[in-house]
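Structure file structure.tsv (TSV, C-alpha atoms (C1' of nucleotides)) follows.
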```
chain	number	residue	atom	x	y	z
A	1	MET	CA	-8.11	-11.91	-7.57
A	2	LEU	CA	-8.56	-14.54	-4.86
A	3	GLN	CA	-5.28	-16.32	-4.23
A	4	ARG	CA	-6.10	-19.98	-4.53
A	5	ARG	CA	-4.02	-21.99	-2.10
A	6	ILE	CA	-2.99	-25.51	-2.99
A	7	ASP	CA	-1.79	-27.42	0.04
A	8	ASP	CA	-2.15	-30.50	2.21
A	9	HIS	CA	-4.24	-28.70	4.73
A	10	ALA	CA	-7.39	-30.11	6.33
A	11	PRO	CA	-10.29	-27.99	7.64
A	12	PRO	CA	-10.00	-27.41	11.39
A	13	THR	CA	-11.57	-29.91	13.76
A	14	ARG	CA	-13.78	-28.63	16.57
A	15	GLU	CA	-10.95	-29.13	19.05
A	16	ALA	CA	-8.48	-27.28	16.87
A	17	MET	CA	-10.92	-24.41	16.63
A	18	ARG	CA	-11.34	-24.29	20.41
A	19	GLU	CA	-7.62	-24.41	20.91
A	20	ALA	CA	-7.11	-21.46	18.55
A	21	GLN	CA	-9.84	-19.50	20.30
A	22	ASP	CA	-8.10	-20.21	23.55
A	23	ILE	CA	-4.80	-18.85	22.23
A	24	PHE	CA	-6.56	-15.76	20.96
A	25	PHE	CA	-8.46	-14.98	24.14
A	26	LYS	CA	-5.47	-15.59	26.34
A	27	HIS	CA	-3.62	-13.10	24.18
A	28	LEU	CA	-6.43	-10.57	24.49
A	29	LYS	CA	-6.43	-10.91	28.24
A	30	ARG	CA	-2.66	-10.59	28.38
A	31	VAL	CA	-2.68	-7.24	26.59
A	32	GLY	CA	-5.79	-6.00	28.42
A	33	LEU	CA	-8.30	-6.29	25.59
A	34	LYS	CA	-11.79	-7.68	25.65
A	35	HIS	CA	-13.49	-10.76	24.35
A	36	THR	CA	-16.25	-9.88	21.94
A	37	GLU	CA	-18.72	-11.68	19.73
A	38	GLN	CA	-17.29	-9.93	16.65
A	39	ARG	CA	-13.74	-11.04	17.32
A	40	ASP	CA	-14.91	-14.59	17.77
A	41	THR	CA	-16.83	-14.57	14.50
A	42	ILE	CA	-13.85	-13.14	12.65
A	43	LEU	CA	-11.47	-15.71	14.09
A	44	ARG	CA	-13.77	-18.60	13.19
A	45	THR	CA	-14.28	-17.34	9.67
A	46	PHE	CA	-10.57	-16.91	9.21
A	47	LEU	CA	-9.74	-20.42	10.41
A	48	GLU	CA	-12.33	-21.98	8.12
A	49	THR	CA	-10.75	-20.71	4.97
A	50	ARG	CA	-7.70	-22.07	3.19
A	51	ASP	CA	-6.99	-19.12	0.92
A	52	HIS	CA	-4.62	-16.22	1.24
A	53	LEU	CA	-6.99	-13.51	2.23
A	54	SER	CA	-6.79	-9.76	1.96
A	55	THR	CA	-8.57	-7.80	4.67
A	56	ASP	CA	-11.36	-7.01	2.27
A	57	GLU	CA	-11.83	-10.62	1.24
A	58	LEU	CA	-12.08	-11.74	4.85
A	59	PHE	CA	-14.49	-8.88	5.51
A	60	ARG	CA	-16.79	-10.16	2.75
A	61	LEU	CA	-16.78	-13.65	4.25
A	62	VAL	CA	-17.39	-12.33	7.75
A	63	ARG	CA	-20.27	-10.21	6.48
A	64	LYS	CA	-22.11	-13.35	5.37
A	65	LYS	CA	-22.18	-14.55	8.97
A	66	ASP	CA	-22.93	-11.22	10.58
A	67	ALA	CA	-23.76	-8.31	8.33
A	68	LYS	CA	-23.31	-5.83	11.14
A	69	ILE	CA	-19.56	-6.38	11.49
A	70	GLY	CA	-17.63	-3.58	9.85
A	71	PHE	CA	-14.50	-3.53	7.77
A	72	THR	CA	-12.57	-1.68	10.47
A	73	THR	CA	-13.16	-4.41	13.02
A	74	VAL	CA	-11.97	-7.08	10.62
A	75	TYR	CA	-8.90	-5.00	9.88
A	76	ARG	CA	-8.09	-4.57	13.55
A	77	THR	CA	-8.79	-8.18	14.46
A	78	LEU	CA	-6.50	-9.43	11.72
A	79	LYS	CA	-3.72	-7.38	13.26
A	80	LEU	CA	-4.42	-8.91	16.65
A	81	LEU	CA	-4.36	-12.39	15.16
A	82	ALA	CA	-1.02	-11.64	13.59
A	83	GLU	CA	0.28	-10.40	16.95
A	84	CYS	CA	-0.45	-13.66	18.69
A	85	GLY	CA	0.88	-15.79	15.84
A	86	LEU	CA	-2.43	-17.18	14.59
A	87	ALA	CA	-2.14	-15.27	11.33
A	88	SER	CA	0.83	-14.22	9.30
A	89	THR	CA	1.20	-11.98	6.32
A	90	VAL	CA	2.15	-13.54	3.02
A	91	PRO	CA	3.98	-11.22	0.65
A	92	PHE	CA	2.33	-11.64	-2.74
A	93	PRO	CA	3.21	-9.61	-5.78
A	94	ASP	CA	-0.23	-7.98	-6.10
A	95	GLY	CA	0.89	-5.56	-3.41
A	96	MET	CA	-2.06	-6.09	-1.09
A	97	ALA	CA	-1.57	-7.32	2.45
A	98	ARG	CA	-2.60	-10.96	2.55
A	99	TYR	CA	-2.87	-13.29	5.51
A	100	GLU	CA	-2.94	-17.01	6.02
A	101	HIS	CA	-3.64	-18.74	9.27
A	102	GLN	CA	-0.80	-20.48	10.99
A	103	PHE	CA	-2.66	-22.62	13.42
A	104	ASN	CA	-1.37	-26.21	13.33
A	105	ARG	CA	0.51	-25.60	10.09
A	106	ARG	CA	3.97	-26.86	9.46
A	107	SER	CA	6.54	-24.41	8.21
A	108	HIS	CA	6.19	-23.97	4.48
A	109	HIS	CA	6.88	-21.63	1.60
A	110	HIS	CA	4.97	-20.64	-1.50
A	111	MET	CA	5.42	-21.04	-5.19
A	112	VAL	CA	3.27	-18.54	-7.02
A	113	CYS	CA	2.04	-18.67	-10.62
A	114	THR	CA	2.49	-15.25	-12.20
A	115	GLU	CA	-0.22	-16.02	-14.77
A	116	CYS	CA	-3.16	-17.11	-12.62
A	117	GLY	CA	-2.04	-16.19	-9.09
A	118	ALA	CA	-2.45	-19.72	-7.73
A	119	SER	CA	0.02	-20.68	-5.06
A	120	VAL	CA	1.37	-24.09	-4.15
A	121	GLU	CA	2.91	-24.72	-0.80
A	122	PHE	CA	6.18	-26.52	-0.57
A	123	PHE	CA	8.31	-27.76	2.28
A	124	SER	CA	12.02	-27.32	2.30
A	125	PRO	CA	13.90	-27.60	5.58
A	126	GLU	CA	17.04	-26.49	3.70
A	127	VAL	CA	15.71	-22.95	3.66
A	128	SER	CA	15.70	-22.68	7.44
A	129	LYS	CA	19.16	-24.15	7.55
A	130	LEU	CA	20.34	-21.45	5.15
A	131	GLU	CA	18.76	-18.78	7.33
A	132	GLU	CA	20.70	-20.02	10.32
A	133	GLU	CA	24.01	-20.41	8.52
A	134	ILE	CA	23.90	-17.03	6.87
A	135	GLY	CA	22.85	-15.31	10.06
A	136	ARG	CA	25.83	-16.79	11.83
A	137	LYS	CA	28.21	-15.82	9.04
A	138	TYR	CA	27.12	-12.16	9.02
A	139	HIS	CA	26.63	-11.77	12.80
A	140	PHE	CA	22.91	-11.27	12.48
A	141	ASP	CA	20.38	-12.54	14.97
A	142	ALA	CA	18.21	-14.09	12.27
A	143	THR	CA	14.62	-14.37	13.40
A	144	ARG	CA	12.65	-15.14	10.26
A	145	HIS	CA	12.81	-15.17	6.51
A	146	ASN	CA	10.83	-14.84	3.39
A	147	PHE	CA	11.06	-17.18	0.45
A	148	GLN	CA	8.83	-17.38	-2.55
A	149	ILE	CA	9.38	-18.80	-5.98
A	150	TYR	CA	7.60	-17.31	-8.98
A	151	GLY	CA	6.92	-19.09	-12.20
A	152	ILE	CA	4.25	-20.54	-14.44
A	153	CYS	CA	2.18	-23.48	-13.31
A	154	GLU	CA	1.51	-26.52	-15.47
A	155	ASP	CA	-2.04	-25.50	-16.41
A	156	CYS	CA	-1.03	-22.04	-17.53
A	157	ARG	CA	1.92	-23.36	-19.47
A	158	LYS	CA	-0.43	-25.64	-21.42
A	159	LYS	CA	-2.78	-22.76	-22.14
A	160	ILE	CA	0.06	-20.58	-23.36
A	161	THR	CA	1.40	-23.31	-25.63
A	162	LYS	CA	-2.05	-23.77	-27.14
A	163	ARG	CA	-2.43	-20.01	-27.70
A	164	THR	CA	0.97	-19.78	-29.37
A	165	LEU	CA	0.23	-22.71	-31.66
A	166	GLY	CA	-3.04	-21.05	-32.64
A	167	THR	CA	-1.30	-18.01	-34.04
A	168	LEU	CA	1.09	-19.99	-36.25
B	1	MET	CA	13.70	5.88	6.40
B	2	LEU	CA	16.48	5.53	3.85
B	3	GLN	CA	17.47	1.90	3.52
B	4	ARG	CA	21.22	1.81	3.96
B	5	ARG	CA	22.78	-0.83	1.76
B	6	ILE	CA	25.90	-2.63	2.92
B	7	ASP	CA	27.60	-4.41	0.06
B	8	ASP	CA	30.78	-4.90	-1.92
B	9	HIS	CA	29.67	-2.59	-4.63
B	10	ALA	CA	31.89	0.07	-6.23
B	11	PRO	CA	30.59	3.29	-7.81
B	12	PRO	CA	30.16	2.93	-11.58
B	13	THR	CA	33.10	3.72	-13.84
B	14	ARG	CA	32.54	6.00	-16.81
B	15	GLU	CA	32.49	2.97	-19.12
B	16	ALA	CA	29.98	1.15	-16.95
B	17	MET	CA	27.77	4.22	-17.04
B	18	ARG	CA	27.95	4.42	-20.84
B	19	GLU	CA	27.21	0.73	-21.14
B	20	ALA	CA	24.12	1.07	-18.96
B	21	GLN	CA	22.94	4.08	-20.96
B	22	ASP	CA	23.41	2.03	-24.08
B	23	ILE	CA	21.24	-0.78	-22.70
B	24	PHE	CA	18.57	1.71	-21.72
B	25	PHE	CA	18.46	3.56	-25.04
B	26	LYS	CA	18.45	0.36	-27.06
B	27	HIS	CA	15.48	-0.72	-24.96
B	28	LEU	CA	13.70	2.58	-25.61
B	29	LYS	CA	14.24	2.26	-29.32
B	30	ARG	CA	13.04	-1.33	-29.30
B	31	VAL	CA	9.72	-0.41	-27.75
B	32	GLY	CA	9.34	2.77	-29.81
B	33	LEU	CA	10.07	5.33	-27.10
B	34	LYS	CA	12.26	8.38	-27.21
B	35	HIS	CA	15.59	9.38	-25.81
B	36	THR	CA	15.25	12.45	-23.61
B	37	GLU	CA	17.46	14.55	-21.40
B	38	GLN	CA	15.26	13.78	-18.38
B	39	ARG	CA	15.50	10.04	-18.80
B	40	ASP	CA	19.25	10.28	-19.07
B	41	THR	CA	19.51	12.37	-15.90
B	42	ILE	CA	17.31	9.93	-14.00
B	43	LEU	CA	19.33	6.91	-15.13
B	44	ARG	CA	22.62	8.54	-14.15
B	45	THR	CA	21.33	9.56	-10.76
B	46	PHE	CA	20.00	6.09	-10.15
B	47	LEU	CA	23.29	4.38	-11.05
B	48	GLU	CA	25.28	6.67	-8.81
B	49	THR	CA	23.49	5.60	-5.66
B	50	ARG	CA	23.99	2.45	-3.67
B	51	ASP	CA	20.86	2.58	-1.55
B	52	HIS	CA	17.51	0.95	-1.95
B	53	LEU	CA	15.48	3.83	-3.23
B	54	SER	CA	11.80	4.54	-3.20
B	55	THR	CA	10.44	6.54	-6.12
B	56	ASP	CA	10.23	9.59	-3.94
B	57	GLU	CA	13.80	9.28	-2.69
B	58	LEU	CA	15.12	9.02	-6.23
B	59	PHE	CA	12.97	11.99	-7.19
B	60	ARG	CA	14.61	14.10	-4.48
B	61	LEU	CA	18.07	13.17	-5.73
B	62	VAL	CA	17.13	13.88	-9.34
B	63	ARG	CA	15.69	17.24	-8.39
B	64	LYS	CA	19.11	18.36	-7.15
B	65	LYS	CA	20.49	17.92	-10.66
B	66	ASP	CA	17.51	19.32	-12.53
B	67	ALA	CA	14.78	20.94	-10.53
B	68	LYS	CA	12.40	20.91	-13.46
B	69	ILE	CA	12.06	17.13	-13.60
B	70	GLY	CA	8.77	16.01	-12.08
B	71	PHE	CA	7.90	13.11	-9.84
B	72	THR	CA	5.79	11.51	-12.56
B	73	THR	CA	8.71	11.28	-14.94
B	74	VAL	CA	10.91	9.66	-12.31
B	75	TYR	CA	8.11	7.23	-11.54
B	76	ARG	CA	7.68	6.30	-15.20
B	77	THR	CA	11.40	6.07	-15.89
B	78	LEU	CA	11.92	3.73	-12.94
B	79	LYS	CA	9.34	1.42	-14.48
B	80	LEU	CA	11.19	1.53	-17.80
B	81	LEU	CA	14.47	0.73	-16.08
B	82	ALA	CA	12.86	-2.23	-14.40
B	83	GLU	CA	11.52	-3.40	-17.76
B	84	CYS	CA	14.97	-3.58	-19.32
B	85	GLY	CA	16.54	-5.17	-16.28
B	86	LEU	CA	18.62	-2.21	-15.09
B	87	ALA	CA	16.52	-1.85	-11.95
B	88	SER	CA	14.67	-4.34	-9.85
B	89	THR	CA	12.26	-4.01	-7.01
B	90	VAL	CA	13.39	-5.09	-3.57
B	91	PRO	CA	10.58	-6.19	-1.26
B	92	PHE	CA	11.20	-4.47	2.07
B	93	PRO	CA	8.88	-4.66	5.02
B	94	ASP	CA	8.08	-0.94	5.06
B	95	GLY	CA	5.60	-1.57	2.26
B	96	MET	CA	6.96	1.01	-0.13
B	97	ALA	CA	8.20	0.07	-3.59
B	98	ARG	CA	11.99	0.16	-3.49
B	99	TYR	CA	14.46	-0.32	-6.31
B	100	GLU	CA	18.12	-1.17	-6.57
B	101	HIS	CA	20.13	-1.09	-9.74
B	102	GLN	CA	21.23	-4.37	-11.21
B	103	PHE	CA	23.89	-3.22	-13.58
B	104	ASN	CA	27.04	-5.31	-13.20
B	105	ARG	CA	25.80	-6.81	-9.93
B	106	ARG	CA	26.16	-10.43	-9.08
B	107	SER	CA	23.09	-12.27	-7.93
B	108	HIS	CA	22.54	-11.60	-4.26
B	109	HIS	CA	19.97	-11.55	-1.51
B	110	HIS	CA	19.33	-9.29	1.45
B	111	MET	CA	19.45	-9.64	5.17
B	112	VAL	CA	17.46	-6.85	6.76
B	113	CYS	CA	17.72	-5.49	10.29
B	114	THR	CA	14.24	-5.03	11.72
B	115	GLU	CA	15.54	-2.44	14.19
B	116	CYS	CA	17.37	0.04	11.98
B	117	GLY	CA	16.35	-1.01	8.46
B	118	ALA	CA	19.93	-1.51	7.27
B	119	SER	CA	20.40	-4.30	4.78
B	120	VAL	CA	23.41	-6.46	4.13
B	121	GLU	CA	23.83	-8.30	0.89
B	122	PHE	CA	24.78	-11.92	0.91
B	123	PHE	CA	25.59	-14.43	-1.76
B	124	SER	CA	24.25	-17.93	-1.68
B	125	PRO	CA	24.19	-20.00	-4.85
B	126	GLU	CA	22.28	-22.68	-2.94
B	127	VAL	CA	19.17	-20.55	-3.14
B	128	SER	CA	19.07	-20.66	-6.93
B	129	LYS	CA	19.65	-24.38	-6.81
B	130	LEU	CA	16.67	-24.76	-4.50
B	131	GLU	CA	14.54	-22.69	-6.88
B	132	GLU	CA	15.38	-25.01	-9.72
B	133	GLU	CA	14.89	-28.24	-7.76
B	134	ILE	CA	11.58	-27.23	-6.29
B	135	GLY	CA	10.30	-25.96	-9.62
B	136	ARG	CA	11.08	-29.30	-11.20
B	137	LYS	CA	9.44	-31.24	-8.37
B	138	TYR	CA	6.16	-29.29	-8.57
B	139	HIS	CA	6.06	-28.93	-12.39
B	140	PHE	CA	6.46	-25.18	-12.26
B	141	ASP	CA	8.44	-23.18	-14.78
B	142	ALA	CA	10.33	-21.30	-12.09
B	143	THR	CA	11.52	-17.94	-13.35
B	144	ARG	CA	12.61	-16.06	-10.26
B	145	HIS	CA	12.44	-16.02	-6.51
B	146	ASN	CA	12.47	-13.84	-3.49
B	147	PHE	CA	14.55	-14.47	-0.44
B	148	GLN	CA	15.17	-12.19	2.47
B	149	ILE	CA	16.27	-12.88	6.00
B	150	TYR	CA	15.12	-10.65	8.83
B	151	GLY	CA	16.88	-10.24	12.12
B	152	ILE	CA	18.85	-7.88	14.30
B	153	CYS	CA	22.25	-6.63	13.25
B	154	GLU	CA	25.27	-6.61	15.54
B	155	ASP	CA	25.10	-2.86	16.25
B	156	CYS	CA	21.45	-2.95	17.24
B	157	ARG	CA	21.94	-6.02	19.38
B	158	LYS	CA	24.64	-4.20	21.33
B	159	LYS	CA	22.39	-1.18	21.79
B	160	ILE	CA	19.53	-3.34	23.02
B	161	THR	CA	21.78	-5.16	25.49
B	162	LYS	CA	23.01	-1.85	26.86
B	163	ARG	CA	19.45	-0.55	27.21
B	164	THR	CA	18.36	-3.68	29.03
B	165	LEU	CA	21.29	-3.55	31.43
B	166	GLY	CA	20.43	0.07	32.19
B	167	THR	CA	17.00	-0.83	33.52
B	168	LEU	CA	18.29	-3.46	35.92
C	1	DT	C1'	-26.09	-7.67	40.42
C	2	DT	C1'	-24.86	-3.43	38.85
C	3	DG	C1'	-22.41	1.17	38.01
C	4	DG	C1'	-19.05	2.96	35.55
C	5	DA	C1'	-14.48	3.11	33.55
C	6	DA	C1'	-12.12	1.23	29.86
C	7	DA	C1'	-12.36	-0.70	25.58
C	8	DA	C1'	-14.78	-1.94	21.12
C	9	DT	C1'	-17.31	-0.85	17.32
C	10	DG	C1'	-18.19	0.87	12.73
C	11	DA	C1'	-19.12	4.67	9.65
C	12	DA	C1'	-16.81	8.23	7.87
C	13	DA	C1'	-12.85	10.86	7.21
C	14	DT	C1'	-7.92	10.97	6.46
C	15	DT	C1'	-3.53	9.68	4.86
C	16	DC	C1'	-0.36	8.57	1.57
C	17	DA	C1'	1.88	5.95	-2.15
C	18	DT	C1'	0.74	5.01	-6.66
C	19	DT	C1'	-1.31	5.74	-11.04
C	20	DT	C1'	-3.89	8.29	-14.55
C	21	DT	C1'	-5.35	12.40	-17.04
C	22	DC	C1'	-4.62	16.02	-19.99
C	23	DA	C1'	-2.88	20.27	-21.91
C	24	DT	C1'	1.51	21.57	-23.49
C	25	DT	C1'	6.19	20.78	-25.09
C	26	DT	C1'	9.79	18.04	-27.16
C	27	DC	C1'	11.65	14.61	-30.15
C	28	DC	C1'	12.91	12.68	-34.51
C	29	DA	C1'	12.05	10.25	-39.05
C	30	DT	C1'	11.10	11.78	-43.32
D	1	DA	C1'	12.04	22.09	-41.58
D	2	DT	C1'	7.76	19.82	-40.14
D	3	DG	C1'	4.06	16.78	-38.84
D	4	DG	C1'	2.82	13.25	-36.00
D	5	DA	C1'	3.99	10.49	-32.13
D	6	DA	C1'	5.65	10.49	-27.66
D	7	DA	C1'	7.15	12.90	-23.27
D	8	DT	C1'	6.45	15.88	-19.71
D	9	DG	C1'	4.73	17.43	-15.32
D	10	DA	C1'	1.06	19.50	-12.63
D	11	DA	C1'	-2.99	18.19	-10.90
D	12	DA	C1'	-6.49	14.99	-10.11
D	13	DA	C1'	-7.93	10.25	-9.19
D	14	DT	C1'	-7.42	5.94	-7.11
D	15	DG	C1'	-7.35	2.68	-3.59
D	16	DA	C1'	-5.46	0.34	0.38
D	17	DA	C1'	-4.34	1.28	5.05
D	18	DT	C1'	-5.17	3.79	9.12
D	19	DT	C1'	-7.32	7.09	12.31
D	20	DT	C1'	-11.13	9.63	14.37
D	21	DC	C1'	-15.01	9.94	17.03
D	22	DA	C1'	-19.66	9.35	18.75
D	23	DT	C1'	-21.98	5.49	20.44
D	24	DT	C1'	-22.34	0.87	22.35
D	25	DT	C1'	-20.51	-3.06	24.81
D	26	DT	C1'	-17.71	-5.52	28.06
D	27	DC	C1'	-16.38	-6.74	32.55
D	28	DC	C1'	-14.33	-5.67	37.03
D	29	DA	C1'	-15.02	-4.11	41.64
D	30	DA	C1'	-18.04	-2.87	44.96
```
Please lay out the structure from this file as structure tokens.
Amino acid sequence: MLQRRIDDHAPPTREAMREAQDIFFKHLKRVGLKHTEQRDTILRTFLETRDHLSTDELFRLVRKKDAKIGFTTVYRTLKLLAECGLASTVPFPDGMARYEHQFNRRSHHHMVCTECGASVEFFSPEVSKLEEEIGRKYHFDATRHNFQIYGICEDCRKKITKRTLGTL
Amino acid sequence: MLQRRIDDHAPPTREAMREAQDIFFKHLKRVGLKHTEQRDTILRTFLETRDHLSTDELFRLVRKKDAKIGFTTVYRTLKLLAECGLASTVPFPDGMARYEHQFNRRSHHHMVCTECGASVEFFSPEVSKLEEEIGRKYHFDATRHNFQIYGICEDCRKKITKRTLGTL
DNA sequence: TTGGAAAATGAAATTCATTTTCATTTCCAT
DNA sequence: ATGGAAATGAAAATGAATTTCATTTTCCAA
């Protein structure tokens, strides 16, 4: 199931795209890797989407642009993108590794509908404050956190109510 | 790697054990399943531990008590325990499904060391408040959430400092 | 520019946790 | 007690993640 992503996020401008490519290729150079056509195609495809993509889903999108690019390359490139901070994994309950791009995004969290899988982003600076406070209290060097809320979205709730009324 | 669990949690008293068994067997009856020796052994073994167990780790512990119990039965029983609220999955970054028992536990979250995998429990009622507030704001029926903090624990930080000094 | 070493690619194979299948055994309501 | 439903556990299947390896591509140094 494709994880629909509801957010306030605009498609990347040409400059944003070039800036992201720059970050990626600087990273490649830094760790002694090479700049290839495939990696560029994968990066561009990834930045153009707004969903939470599994490796396979990104692979299918990439294949539309260049049918010769293999699953393995997409898999490996996604790891590279995560390394340099352009992608990050989003822990969803379907158990598959999912990524979202982090370029020019403000810090956010997800609220996930357990019925339809849709996710809504929300912004809550309090969460980061909690991370810091709790880290201090327990003598941990807190570096990051994970916060998701699960529930039922408005649409699904309406559908369920209708269904229940039908059986009465 | 076994996920060491640092908490304020005492081993179960005999009464607590009987109460948990009662919850489990009432649940079995409710959904039309049967009470078996194996299920009882698995429940007892699970309650006696304080770690975050993968199915395989619990299986190894169970096997010490009754070598004839198979992995499949442990796997299925763990799902039943999760169904009736006695177990819940803990999302750790190693990607394996891990469970902790929830009997007589107060609501808590985990802070996980990314170096050694140890986890410390912490208590923060603010998190539940945030869940509720944000659910209301976005018209979600929030039912549960997920919150973990990652970082480096005091012990590991000391080790790293020592290592770094050594190379100077 | 070009030769060649290092890296990338992608198909296929492998790994490994999870889940299902199925023949046999056990449970338990009547 | 006993018949039918469920449980068991070994083995097989599944499926995502990762590795292997033969071939191709990149790019630095001469």
Sorted per-residue table, chain B near chain C, closest atoms and distance, 8 Å, only C-alpha atoms (C1' of nucleotides), as a tab-separated table:
```
residue	atom	partner	partner_atom	distance
B:Lys34	CA	C:DC27	C1'	6.9
B:His35	CA	C:DC27	C1'	7.9
B:Thr36	CA	C:DC27	C1'	7.8
B:Met96	CA	C:DA17	C1'	7.4
```
Would you give me, as a tab-separated table, each residue of chain D having an atom within 12 Å of an atom of chain A, along with its shortest atom pair and that distance in Å to one decimal, using only C-alpha atoms (C1' of nucleotides) and sorting by chain and residue number?
```
residue	atom	partner	partner_atom	distance
D:DG15	C1'	A:Met96	CA	10.5
D:DA16	C1'	A:Met96	CA	7.4
D:DA17	C1'	A:Tyr75	CA	9.1
D:DT18	C1'	A:Thr72	CA	9.3
D:DT19	C1'	A:Thr72	CA	10.4
D:DT25	C1'	A:Thr36	CA	8.5
D:DT26	C1'	A:Lys34	CA	6.7
D:DC27	C1'	A:Lys34	CA	8.3
D:DC28	C1'	A:Lys34	CA	11.8
```
Work out how far apart atom C1' of D:DA13 and atom CA of B:Asp94 are and give it in Å to one decimal.
24.2 Å
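Note that atom CA of A:His110 and atom CA of A:Asp7 are 9.7 Å apart.
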Specify as a PDB file with C-alpha atoms, in the coordinates of the input all residues of chain B found within 12 Å of chain A, counting only C-alpha atoms.
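Contents of part.pdb, freshly written:
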```
ATOM      1  CA  ILE B   6      25.900  -2.630   2.920  1.00  0.00           C
ATOM      2  CA  ASP B   7      27.600  -4.410   0.060  1.00  0.00           C
ATOM      3  CA  THR B  89      12.260  -4.010  -7.010  1.00  0.00           C
ATOM      4  CA  VAL B  90      13.390  -5.090  -3.570  1.00  0.00           C
ATOM      5  CA  PRO B  91      10.580  -6.190  -1.260  1.00  0.00           C
ATOM      6  CA  PHE B  92      11.200  -4.470   2.070  1.00  0.00           C
ATOM      7  CA  PRO B  93       8.880  -4.660   5.020  1.00  0.00           C
ATOM      8  CA  ASP B  94       8.080  -0.940   5.060  1.00  0.00           C
ATOM      9  CA  GLY B  95       5.600  -1.570   2.260  1.00  0.00           C
ATOM     10  CA  MET B  96       6.960   1.010  -0.130  1.00  0.00           C
ATOM     11  CA  ALA B  97       8.200   0.070  -3.590  1.00  0.00           C
ATOM     12  CA  HIS B 109      19.970 -11.550  -1.510  1.00  0.00           C
ATOM     13  CA  HIS B 110      19.330  -9.290   1.450  1.00  0.00           C
ATOM     14  CA  MET B 111      19.450  -9.640   5.170  1.00  0.00           C
ATOM     15  CA  VAL B 112      17.460  -6.850   6.760  1.00  0.00           C
ATOM     16  CA  CYS B 113      17.720  -5.490  10.290  1.00  0.00           C
ATOM     17  CA  THR B 114      14.240  -5.030  11.720  1.00  0.00           C
ATOM     18  CA  GLU B 115      15.540  -2.440  14.190  1.00  0.00           C
ATOM     19  CA  ALA B 118      19.930  -1.510   7.270  1.00  0.00           C
ATOM     20  CA  SER B 119      20.400  -4.300   4.780  1.00  0.00           C
ATOM     21  CA  VAL B 120      23.410  -6.460   4.130  1.00  0.00           C
ATOM     22  CA  GLU B 121      23.830  -8.300   0.890  1.00  0.00           C
ATOM     23  CA  PHE B 122      24.780 -11.920   0.910  1.00  0.00           C
ATOM     24  CA  PHE B 123      25.590 -14.430  -1.760  1.00  0.00           C
ATOM     25  CA  SER B 124      24.250 -17.930  -1.680  1.00  0.00           C
ATOM     26  CA  PRO B 125      24.190 -20.000  -4.850  1.00  0.00           C
ATOM     27  CA  GLU B 126      22.280 -22.680  -2.940  1.00  0.00           C
ATOM     28  CA  VAL B 127      19.170 -20.550  -3.140  1.00  0.00           C
ATOM     29  CA  SER B 128      19.070 -20.660  -6.930  1.00  0.00           C
ATOM     30  CA  LYS B 129      19.650 -24.380  -6.810  1.00  0.00           C
ATOM     31  CA  LEU B 130      16.670 -24.760  -4.500  1.00  0.00           C
ATOM     32  CA  GLU B 131      14.540 -22.690  -6.880  1.00  0.00           C
ATOM     33  CA  GLU B 132      15.380 -25.010  -9.720  1.00  0.00           C
ATOM     34  CA  GLU B 133      14.890 -28.240  -7.760  1.00  0.00           C
ATOM     35  CA  ILE B 134      11.580 -27.230  -6.290  1.00  0.00           C
ATOM     36  CA  GLY B 135      10.300 -25.960  -9.620  1.00  0.00           C
ATOM     37  CA  ARG B 136      11.080 -29.300 -11.200  1.00  0.00           C
ATOM     38  CA  LYS B 137       9.440 -31.240  -8.370  1.00  0.00           C
ATOM     39  CA  TYR B 138       6.160 -29.290  -8.570  1.00  0.00           C
ATOM     40  CA  HIS B 139       6.060 -28.930 -12.390  1.00  0.00           C
ATOM     41  CA  PHE B 140       6.460 -25.180 -12.260  1.00  0.00           C
ATOM     42  CA  ASP B 141       8.440 -23.180 -14.780  1.00  0.00           C
ATOM     43  CA  ALA B 142      10.330 -21.300 -12.090  1.00  0.00           C
ATOM     44  CA  THR B 143      11.520 -17.940 -13.350  1.00  0.00           C
ATOM     45  CA  ARG B 144      12.610 -16.060 -10.260  1.00  0.00           C
ATOM     46  CA  HIS B 145      12.440 -16.020  -6.510  1.00  0.00           C
ATOM     47  CA  ASN B 146      12.470 -13.840  -3.490  1.00  0.00           C
ATOM     48  CA  PHE B 147      14.550 -14.470  -0.440  1.00  0.00           C
ATOM     49  CA  GLN B 148      15.170 -12.190   2.470  1.00  0.00           C
ATOM     50  CA  ILE B 149      16.270 -12.880   6.000  1.00  0.00           C
ATOM     51  CA  TYR B 150      15.120 -10.650   8.830  1.00  0.00           C
ATOM     52  CA  GLY B 151      16.880 -10.240  12.120  1.00  0.00           C
ATOM     53  CA  ILE B 152      18.850  -7.880  14.300  1.00  0.00           C
ATOM     54  CA  CYS B 153      22.250  -6.630  13.250  1.00  0.00           C
ATOM     55  CA  GLU B 154      25.270  -6.610  15.540  1.00  0.00           C
ATOM     56  CA  ASP B 155      25.100  -2.860  16.250  1.00  0.00           C
ATOM     57  CA  CYS B 156      21.450  -2.950  17.240  1.00  0.00           C
ATOM     58  CA  ARG B 157      21.940  -6.020  19.380  1.00  0.00           C
ATOM     59  CA  LYS B 158      24.640  -4.200  21.330  1.00  0.00           C
TER      60      LYS B 158
END
```
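With only the atoms specified (all atoms listed in the file) counting, those residues at most 9 Å away from (29.0, 1.9, -11.9) are His9, Ala10, Pro11, Pro12, Thr13, Arg14, Glu15, Ala16, Met17, Ala20, Leu47, Glu48, Phe103 and Asn104 of chain B.
Atom pair atom CA of B:Asp66 / atom CA of B:Arg30 has a distance of 27.0 Å (rounded to one decimal).
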